[in-house]
Each structure stands twice: as C-alpha cells, then as structure tokens.
Number of protein chains: 2
Amino acid sequence: MDERLTLEKIGELAGVSRATVSRVVNSQPNVRPEVRERVLAVIAETGYQPHLAARSLASNRTGLIGLVIPRILQSLFTDPYYPRLLQGVTQVCNEHAVILTLFMFHSEDEETRLYPRVLRPGTLDGVVVVSSQEEDPLIARLAESGLPFIVIGRPTDATAVSYVDVDNVTGAETAVSHLINLGRQRIATITGRQDMSAGLDRLEGYRRALLASGRAIDEALIAAGEFEEGQAYEAMLRLLPQQPDAVFVASDAMALGALNALHSAGLEVPGDVAVVGYDDLPAAAIASPPLTTVRQPIRRFGALAVETLLNIIETGSEPPRHILLPTELIIRETCGGS
Amino acid sequence: MDERLTLEKIGELAGVSRATVSRVVNSQPNVRPEVRERVLAVIAETGYQPHLAARSLASNRTGLIGLVIPRILQSLFTDPYYPRLLQGVTQVCNEHAVILTLFMFHSEDEETRLYPRVLRPGTLDGVVVVSSQEEDPLIARLAESGLPFIVIGRPTDATAVSYVDVDNVTGAETAVSHLINLGRQRIATITGRQDMSAGLDRLEGYRRALLASGRAIDEALIAAGEFEEGQAYEAMLRLLPQQPDAVFVASDAMALGALNALHSAGLEVPGDVAVVGYDDLPAAAIASPPLTTVRQPIRRFGALAVETLLNIIETGSEPPRHILLPTELIIRETCGGS
DNA sequence: GTGAAAGCGCTAACAG
DNA sequence: CTGTTAGCGCTTTCAC
C-alpha cells in the first residue's frame, strides 16, 4: 500500500484537473474522447476507486440501500423464505452496483431503539421494509421522513405506500377452484392471522372461488389457525364434525398440522379429505402424502422490490407503486387429482 | 421536514460552538456537565443525528462492516445456516451500533467484478468473510489491503489469518467415540470434500477417535461423499461389502443419502448399521429413524465473528485470532444408544 | 471542453 | 473547558 489515491492524484498523473477526472469517473459528457481515454488508462493502471464517503458527502447520495427485517416469526427459520428473498435482493443490488445494508431486529426494544438509525441522514438512499404482522411504526416514520422506501408484503392500510406483494387472493382462489373442479363439495378452510394481509387475502380468495362457482359461504367451515401448526391441528379437529371433504389451509406449516389431525382422526388424505396448503415449503414436498400447495416467486419478489425502489429513488415516489406477483399451484397428492 | 439539522445549528440553539456539540455527541470528556446537559436537551428536542457520510469523511471510520457470502452451495438454502448466522451477526451489530452490509455473490463472474467494491476506500471498517469451498482470492486481497477482516470457517491455509470456526475435529471425534462406546466394531465413514477444512477436520476426528481407542484405521472403511447426498448414497453402497456396523457421515445431507442406501439394501438402522450425521439440519430430526448428529452453535458463531472483528478494528489484527467453538452431540435413534 | 473554487457536515488539532 | 481553524475527497457551479 503506497499512499492513498485521490482524484487529485489521478488528475496529476493524467495531466488534467480533478474536475475532469470526476467527469470521467461519472461518465459525464463534455470530455474530449482523447482525454477521457488517457484518464481511463490511468484509473485502470492505478486501480483507483472513488472514496465513497467523500462522494456521499458531496453528492448527497450514498449508493446504499437498506433492507429492514422486523422481528422475525420463528417459522421463517425453517423456511427458505429469507435466503431466497436475499438472493433476489442482492442480485439486483449487484447489477446496479448498490450496496445492501441489512437491519434485522430481534425484539421490540431493539426496533424502537434502532429505527432512528435507519432514518439517519447521510446513510441510505432508500429502504426496503419487509412488512411484519402488526402495523409497523417504521412505515409511518419513513413516510414522513421523505426517504424513498418500498414495502414487501402489502401493509394492512396501504394505498399511499409503495409495495410489492404476492397475489394472495388469486393464489387462494386458484387453489380452492381446483378443489371445486375436482368435485369436492364441502370445502373448509383454516385461516391465517386476520391482522396480516396474507391471512386476510387468502381467506378472501377462498370466498371468491366458492362464490364464483355459485356456492354459498358456510361460516361453520371456516376455522382460525393463526399461521401456527398447533392451532391448525386444533382447528382441523373442530372442523371435523362439519364433515368437510376438502380443506384449504392458508400455510404449509398449518397444513402439516391439519394433516396430522386428519391422520389421528383416522381419516384418509386425499380419500376422505383433500388438503391444499400455501407457501411450498421444502417440508411440503416430503410430507406424506406430498402436499399440494401454492408456490410464491420469492426470489423474483425480492428482485422486483429492489428494482422498484431504485426506480423510486430515481424518479420520486409518486404515484405509489403497487405490484402484485402471480403464484403457481403445485399439484401433488393431497388434493387427489391433477 | 424543515431544513436539515447540522452540528452548527445545534450549536446555535444551545449557544455553543460546533466543536462542543461534537464532543457531546461523541461522549468525549472536557465538556462542563451543565453545558453537556443543555446540548443533550437540544439534541433530544430536535432529534438531531449526525450525518454519517460527513463523519466518515472526517474521521476515516464509517461505522459499517461487511458480511461477504461467496457463491453459495445450493444446500445452504434448505438449511437454516444463513438465517441463524445472520441472527448472531446482526444482534452484535445492533448492540455495537454498527451497520451491516451484505455482499452475496451468485457467480464467479460477479465475484471478480465486485470484489473491488468490498475493498473500496471509505466504505467499510472491516469485513466478515464466510469461507467458501475453494481458496478465496478475496482473502488474499483483504490481507494485502490492510482492511481488518475475519473469516468464518477456517481457510485451508490459515495461521496468518483470523478466523472463527467450529471445532470439527473434536465434534467428529466425539461422535465416533460414542459409536465405539456403544460397542460398534466396524465403524466406517463417509467424508466431505477434502479441499474444505470442514471435510478434512471431520475425517481427522474420525481417525483420532479410532486411534484413541487403540484401533487401526482401515482405509477400506473410508468412502468419499463430497458433501453431496447422491454421492453419499453411492458411497454407502460401496462400503456395504466391508460389512460396517456403523457409519459416521460428515454431513446430515449425506447421512440422509446413506440412510436411503441402507434401506434399499434391506438393512436395519440402527439394528444392522448405526448412523451418525453432522450439522443437525431440521431434516435430521424428522428423518426415519431420527438422526443422531452433531450440532454446531451457528448463532453464537456469527456473534463471535463480529465481536472479534470489532476487536480487531479497535486494536489491530496482530496477533491473528483463532477461535474454535465446541459442538454438541445430539443423540436420536440412528445410533442405537443414548 | 476544462480548470478554479466553493462547499457537503463532520472531526481533530491547536490556541486560548 | 471551549472556540477557531483546517481539512477529509468529492461534486458542482461558474468562468474561461
């Protein structure tokens, strides 16, 4: 390591001023081709890279974006959701040469203590927030701070805020329609938390599919599972007296619980009761029988979130972007058809 | 948002100079308690936060550290390794108020193109590198750049470099000793890649356990599995003619393959052959029979890596830190004992 | 096209 | 103890 390279030094070596080198580095016009060449050569030789902090200070752009993951559901650690999401996110960051910072919080205390840091001036150009169960105070603070941001997973209020989400309504609707087409008559559902948009939307999709086929909604066939395996086990047992011949379960984790309940009640899947889950966890493929489920394009999802954020940074947050990604029904054995 | 807060403005409001405010913000001594109070009050009122880029430029410290994840083995996406690691890493970052940046690469091309960015001046105070299979060129470049760094997982050369690793030798030794104590006589092993320290060390532990109990090493009982399930399946079949009554498999993914091979050969586990894996994947607990395996403290691991890095940043990289974490043998049913 | 000059907001000597 | 003064390395007018 000899001494540190600066624009000034590169300028000296190329026989031009610091300003010209800056123009070359930032590929601005108004530099004679021949001069540009010469500067570029010196940069290549020396391996010069601009000092990020200095550039940030002068240009008011840091080249950093943040990914904020609020307190995490335990479930997401047996689930490749985050790794996949990160793959998509980092890939786009790499393509656009922005640096990703990761904020993961482990407790409410940490969140309140550290949220200000996310908003801190001179730190980030924009933020991707993974929406948590409750209404996240960070979203409101981001909105009033003017820092560009986008939410992954539609927040329960939404509209004014940009978000990228999976089309949970259509995903659920497709799953339930499939059960209908297979001739199932008494289709129950085990719902997720109704304070999360995913929970709400998947129930809505269930309703729409039934209604679209001219059926009535029987509230007795709807049981709350809260996105937890244990609760879903109980919910399935509660549904049994209604004699459902199919059940749409709003997550694979819960579907596994429901499957257990059916087995312990001595019922056959899919013979007596067909089951469809949601998420396509790795566990779904190796369940017995293998679980029919709805797959989400998580990787693309992360990629799209960052692309949209970069676009917002570039062009402003108006109008808010609302992006919905389609899902895919993965047919395995628990639905008893193909 | 009204206009931006700066040190200068806070100084005005508190009736002191910018320098004094700076001292208060950085909790330096030499400020009269009463003045400190007053400044602190103004800061609290206004919600002032120092501009990170400006501070970085002036102090040559960014408050950012990087986590570099080289091209990822596919397996690590069905494995909660990274989520756990990130939990530990981010927790310590949060405690010490440093911001984590994440570099994940998806191809060799991306690596070579983007490594310079990691080294870029004015960006990071230090780097945690997750060691990849091959010898990573990044490590050499970090070493010569003078940027503080630490490696997760001992690099195959090591010694001059600081690292945090799991004690794979002892972990494997404990596992094999357990099989010996259970009375198994012909203990085979399926090894991981021998160009990775984890693969080497786990084989070494196998050897030590055998030697410590006064047994000879039978090379015919050692088969290469390369850390892949399919290869391990084949390896197990190759071992069968040697009539092993136990096998230590250097990863759970491979152990699952071995289990398959044993089943298809009509052998009972643990009746005919006992099996011990390594990693304690979620799949290990739900294998049939549930897999005895070696658990690594991944979360602590990530935490310790960051703590050590911060220490290196503080006090310099000499001497290199070499930290080994103990593992835990998780006894389930495939070893046929407790 | 190109250079000179003025900061960006902060830290860190250095006086006092 | 506190204020004044230089920069940190870059971008960005503004002249030429």
# chains A, B, ... in the order shown; residues from 1 in each chain; ligands from 1
call {"tool": "select_by_dssp", "arguments": {"residues": "region 34-179 of chain B", "states": "alpha helix (DSSP H)", "output": "PyMOL selection string"}}
result
chain B and resi 34-46+52-59+81-95+108-119+137-145+168-179
call {"tool": "interface_residues", "arguments": {"of": "chain D", "to": "chain B", "cutoff": "7 Å", "atoms": "only C-alpha atoms (C1' of nucleotides)", "output": "PDB file with N, CA and C atoms (P, O5', C5', C4', C3', O3' and C1' of nucleotides), in the first residue's frame"}}
result
ATOM      1  P    DC D   1     -13.550  20.186  33.378  1.00  0.00           P
ATOM      2  O5'  DC D   1     -13.696  21.425  32.438  1.00  0.00           O
ATOM      3  C5'  DC D   1     -14.721  21.392  31.423  1.00  0.00           C
ATOM      4  C4'  DC D   1     -14.682  22.760  30.826  1.00  0.00           C
ATOM      5  C3'  DC D   1     -15.397  22.806  29.474  1.00  0.00           C
ATOM      6  O3'  DC D   1     -16.340  23.871  29.537  1.00  0.00           O
ATOM      7  C1'  DC D   1     -13.175  23.663  29.282  1.00  0.00           C
ATOM      8  P    DT D   2     -17.526  23.952  28.586  1.00  0.00           P
ATOM      9  O5'  DT D   2     -16.900  24.686  27.324  1.00  0.00           O
ATOM     10  C5'  DT D   2     -16.688  26.093  27.407  1.00  0.00           C
ATOM     11  C4'  DT D   2     -15.951  26.545  26.176  1.00  0.00           C
ATOM     12  C3'  DT D   2     -16.655  26.224  24.867  1.00  0.00           C
ATOM     13  O3'  DT D   2     -17.190  27.446  24.384  1.00  0.00           O
ATOM     14  C1'  DT D   2     -14.296  25.922  24.747  1.00  0.00           C
ATOM     15  P    DG D   3     -18.026  27.513  23.037  1.00  0.00           P
ATOM     16  O5'  DG D   3     -16.929  28.079  22.034  1.00  0.00           O
ATOM     17  C5'  DG D   3     -16.361  29.341  22.302  1.00  0.00           C
ATOM     18  C4'  DG D   3     -15.253  29.631  21.319  1.00  0.00           C
ATOM     19  C3'  DG D   3     -15.700  29.604  19.854  1.00  0.00           C
ATOM     20  O3'  DG D   3     -15.088  30.710  19.195  1.00  0.00           O
ATOM     21  C1'  DG D   3     -13.883  28.118  20.178  1.00  0.00           C
ATOM     22  P    DC D   8      -6.769  17.037   3.368  1.00  0.00           P
ATOM     23  O5'  DC D   8      -7.876  15.932   3.661  1.00  0.00           O
ATOM     24  C5'  DC D   8      -7.757  15.010   4.740  1.00  0.00           C
ATOM     25  C4'  DC D   8      -9.012  14.160   4.763  1.00  0.00           C
ATOM     26  C3'  DC D   8      -9.511  13.797   3.371  1.00  0.00           C
ATOM     27  O3'  DC D   8      -9.091  12.468   3.087  1.00  0.00           O
ATOM     28  C1'  DC D   8     -11.308  14.639   4.778  1.00  0.00           C
TER      29       DC D   8
END
call {"tool": "closest_atom_pairs", "arguments": {"of": "chain C", "to": "chain A", "cutoff": "12 Å", "atoms": "only C-alpha atoms (C1' of nucleotides)", "output": "Markdown table"}}
result
| residue | atom | partner | partner_atom | distance |
| --- | --- | --- | --- | --- |
| C:DG1 | C1' | A:Asn30 | CA | 5.7 |
| C:DT2 | C1' | A:Thr20 | CA | 6.9 |
| C:DG3 | C1' | A:Ser17 | CA | 6.3 |
| C:DA4 | C1' | A:Ser17 | CA | 9.4 |
| C:DA5 | C1' | A:Ala19 | CA | 11.0 |
| C:DA6 | C1' | A:Ala58 | CA | 11.5 |
| C:DG7 | C1' | A:Ala58 | CA | 8.3 |
| C:DC8 | C1' | A:Ala58 | CA | 4.7 |
| C:DG9 | C1' | A:Leu57 | CA | 7.6 |
| C:DC10 | C1' | A:Leu57 | CA | 9.9 |
call {"tool": "write_last_selection", "arguments": {"atoms": "C-alpha atoms (C1' of nucleotides)", "output": "short mmCIF file (atom, residue, chain, number, x, y, z; two decimals), in the first residue's frame"}}
result
data_model
loop_
_atom_site.label_atom_id
_atom_site.label_comp_id
_atom_site.auth_asym_id
_atom_site.auth_seq_id
_atom_site.Cartn_x
_atom_site.Cartn_y
_atom_site.Cartn_z
"C1'" DG C 1 -14.08 21.18 -23.12
"C1'" DT C 2 -11.59 22.31 -18.98
"C1'" DG C 3 -9.99 24.36 -14.63
"C1'" DA C 4 -10.65 27.06 -10.30
"C1'" DA C 5 -13.13 27.44 -6.32
"C1'" DA C 6 -16.69 26.70 -3.09
"C1'" DG C 7 -18.63 23.85 -0.20
"C1'" DC C 8 -21.09 18.99 1.71
"C1'" DG C 9 -21.08 18.23 7.67
"C1'" DC C 10 -18.05 16.50 10.41
#
call {"tool": "residues_around", "arguments": {"residues": "Pro121 (chain A)", "least_positions_apart": "3", "cutoff": "8 Å", "atoms": "only C-alpha atoms (C1' of nucleotides)", "output": "PyMOL selection string"}}
result
(chain A and resi 124) or (chain B and resi 49-52)
call {"tool": "write_last_selection", "arguments": {"atoms": "C-alpha atoms", "output": "PDB file, in the first residue's frame"}}
result
ATOM      1  CA  LEU A 124     -29.203   5.321   2.981  1.00  0.00           C
TER       2      LEU A 124
ATOM      3  CA  GLN B  49     -28.485  12.725  14.238  1.00  0.00           C
ATOM      4  CA  PRO B  50     -25.003  13.218  12.869  1.00  0.00           C
ATOM      5  CA  HIS B  51     -24.604  12.899   9.121  1.00  0.00           C
ATOM      6  CA  LEU B  52     -22.899   9.581   8.587  1.00  0.00           C
TER       7      LEU B  52
END
call {"tool": "atom_distance", "arguments": {"atom1": "CA of Gly63 (chain A)", "atom2": "CA of Leu114 (chain A)"}}
result
20.9 Å
call {"tool": "interface_residues", "arguments": {"of": "chain B", "to": "chain A", "cutoff": "8 Å", "atoms": "only C-alpha atoms", "output": "number ranges by chain"}}
result
B: 1, 49-54, 56-57, 62, 77-80, 82-84, 87, 90-91, 94, 99-106, 110, 114, 120-123, 144-145, 282
call {"tool": "atom_distance", "arguments": {"atom1": "CA of Leu200 (chain A)", "atom2": "CA of Gly126 (chain A)"}}
result
28.6 Å
call {"tool": "residues_around", "arguments": {"residues": "Arg38 (chain B)", "least_positions_apart": "5", "cutoff": "12 Å", "atoms": "only C-alpha atoms (C1' of nucleotides)", "output": "ChimeraX atom specification"}}
result
/B:10-16,20-21,24,31-33,43-45
call {"tool": "atom_distance", "arguments": {"atom1": "CA of Asp136 (chain A)", "atom2": "CA of Arg193 (chain A)"}}
result
15.8 Å
call {"tool": "residues_around", "arguments": {"residues": "Ala158 (chain A)", "least_positions_apart": "3", "cutoff": "12 Å", "atoms": "only C-alpha atoms (C1' of nucleotides)", "output": "list in words"}}
result
Ser131, Glu135, Asp136, Ile139, Ala140, Ala143, Ile150, Val151, Ile152, Gly153, Arg154, Pro155, Val161, Ser162, Tyr163, Val164, Asp165, Ser197, Pro320, Arg321, His322 and Ile323 of chain A
call {"tool": "residues_around", "arguments": {"residues": "Gly336 (chain B)", "least_positions_apart": "5", "cutoff": "12 Å", "atoms": "only C-alpha atoms (C1' of nucleotides)", "output": "PyMOL selection string"}}
result
chain B and resi 178-184+245-246+268-276+289-292+331
call {"tool": "write_last_selection", "arguments": {"atoms": "C-alpha atoms", "output": "compact mmCIF listing (two decimals), in the first residue's frame"}}
result
# COMPACT_ATOMS: atom_id res chain seq x y z
CA HIS B 178 -19.92 -42.52 21.00
CA LEU B 179 -20.28 -45.27 18.43
CA ILE B 180 -17.24 -47.01 19.91
CA ASN B 181 -18.69 -46.81 23.41
CA LEU B 182 -21.89 -48.31 22.08
CA GLY B 183 -19.86 -51.35 21.12
CA ARG B 184 -19.74 -50.90 17.36
CA ASP B 245 -21.87 -51.98 11.68
CA ALA B 246 -21.74 -48.20 11.97
CA GLU B 268 -31.92 -52.03 9.55
CA VAL B 269 -30.88 -48.79 11.18
CA PRO B 270 -29.65 -48.90 13.88
CA GLY B 271 -30.02 -52.68 14.19
CA ASP B 272 -27.57 -53.63 11.44
CA VAL B 273 -25.81 -50.33 10.95
CA ALA B 274 -25.72 -47.32 13.24
CA VAL B 275 -25.55 -43.87 11.61
CA VAL B 276 -24.35 -40.51 12.91
CA PRO B 289 -35.38 -43.05 12.12
CA PRO B 290 -34.48 -39.64 13.57
CA LEU B 291 -30.82 -38.98 13.00
CA THR B 292 -28.17 -38.76 15.68
CA ILE B 331 -28.45 -38.33 20.31
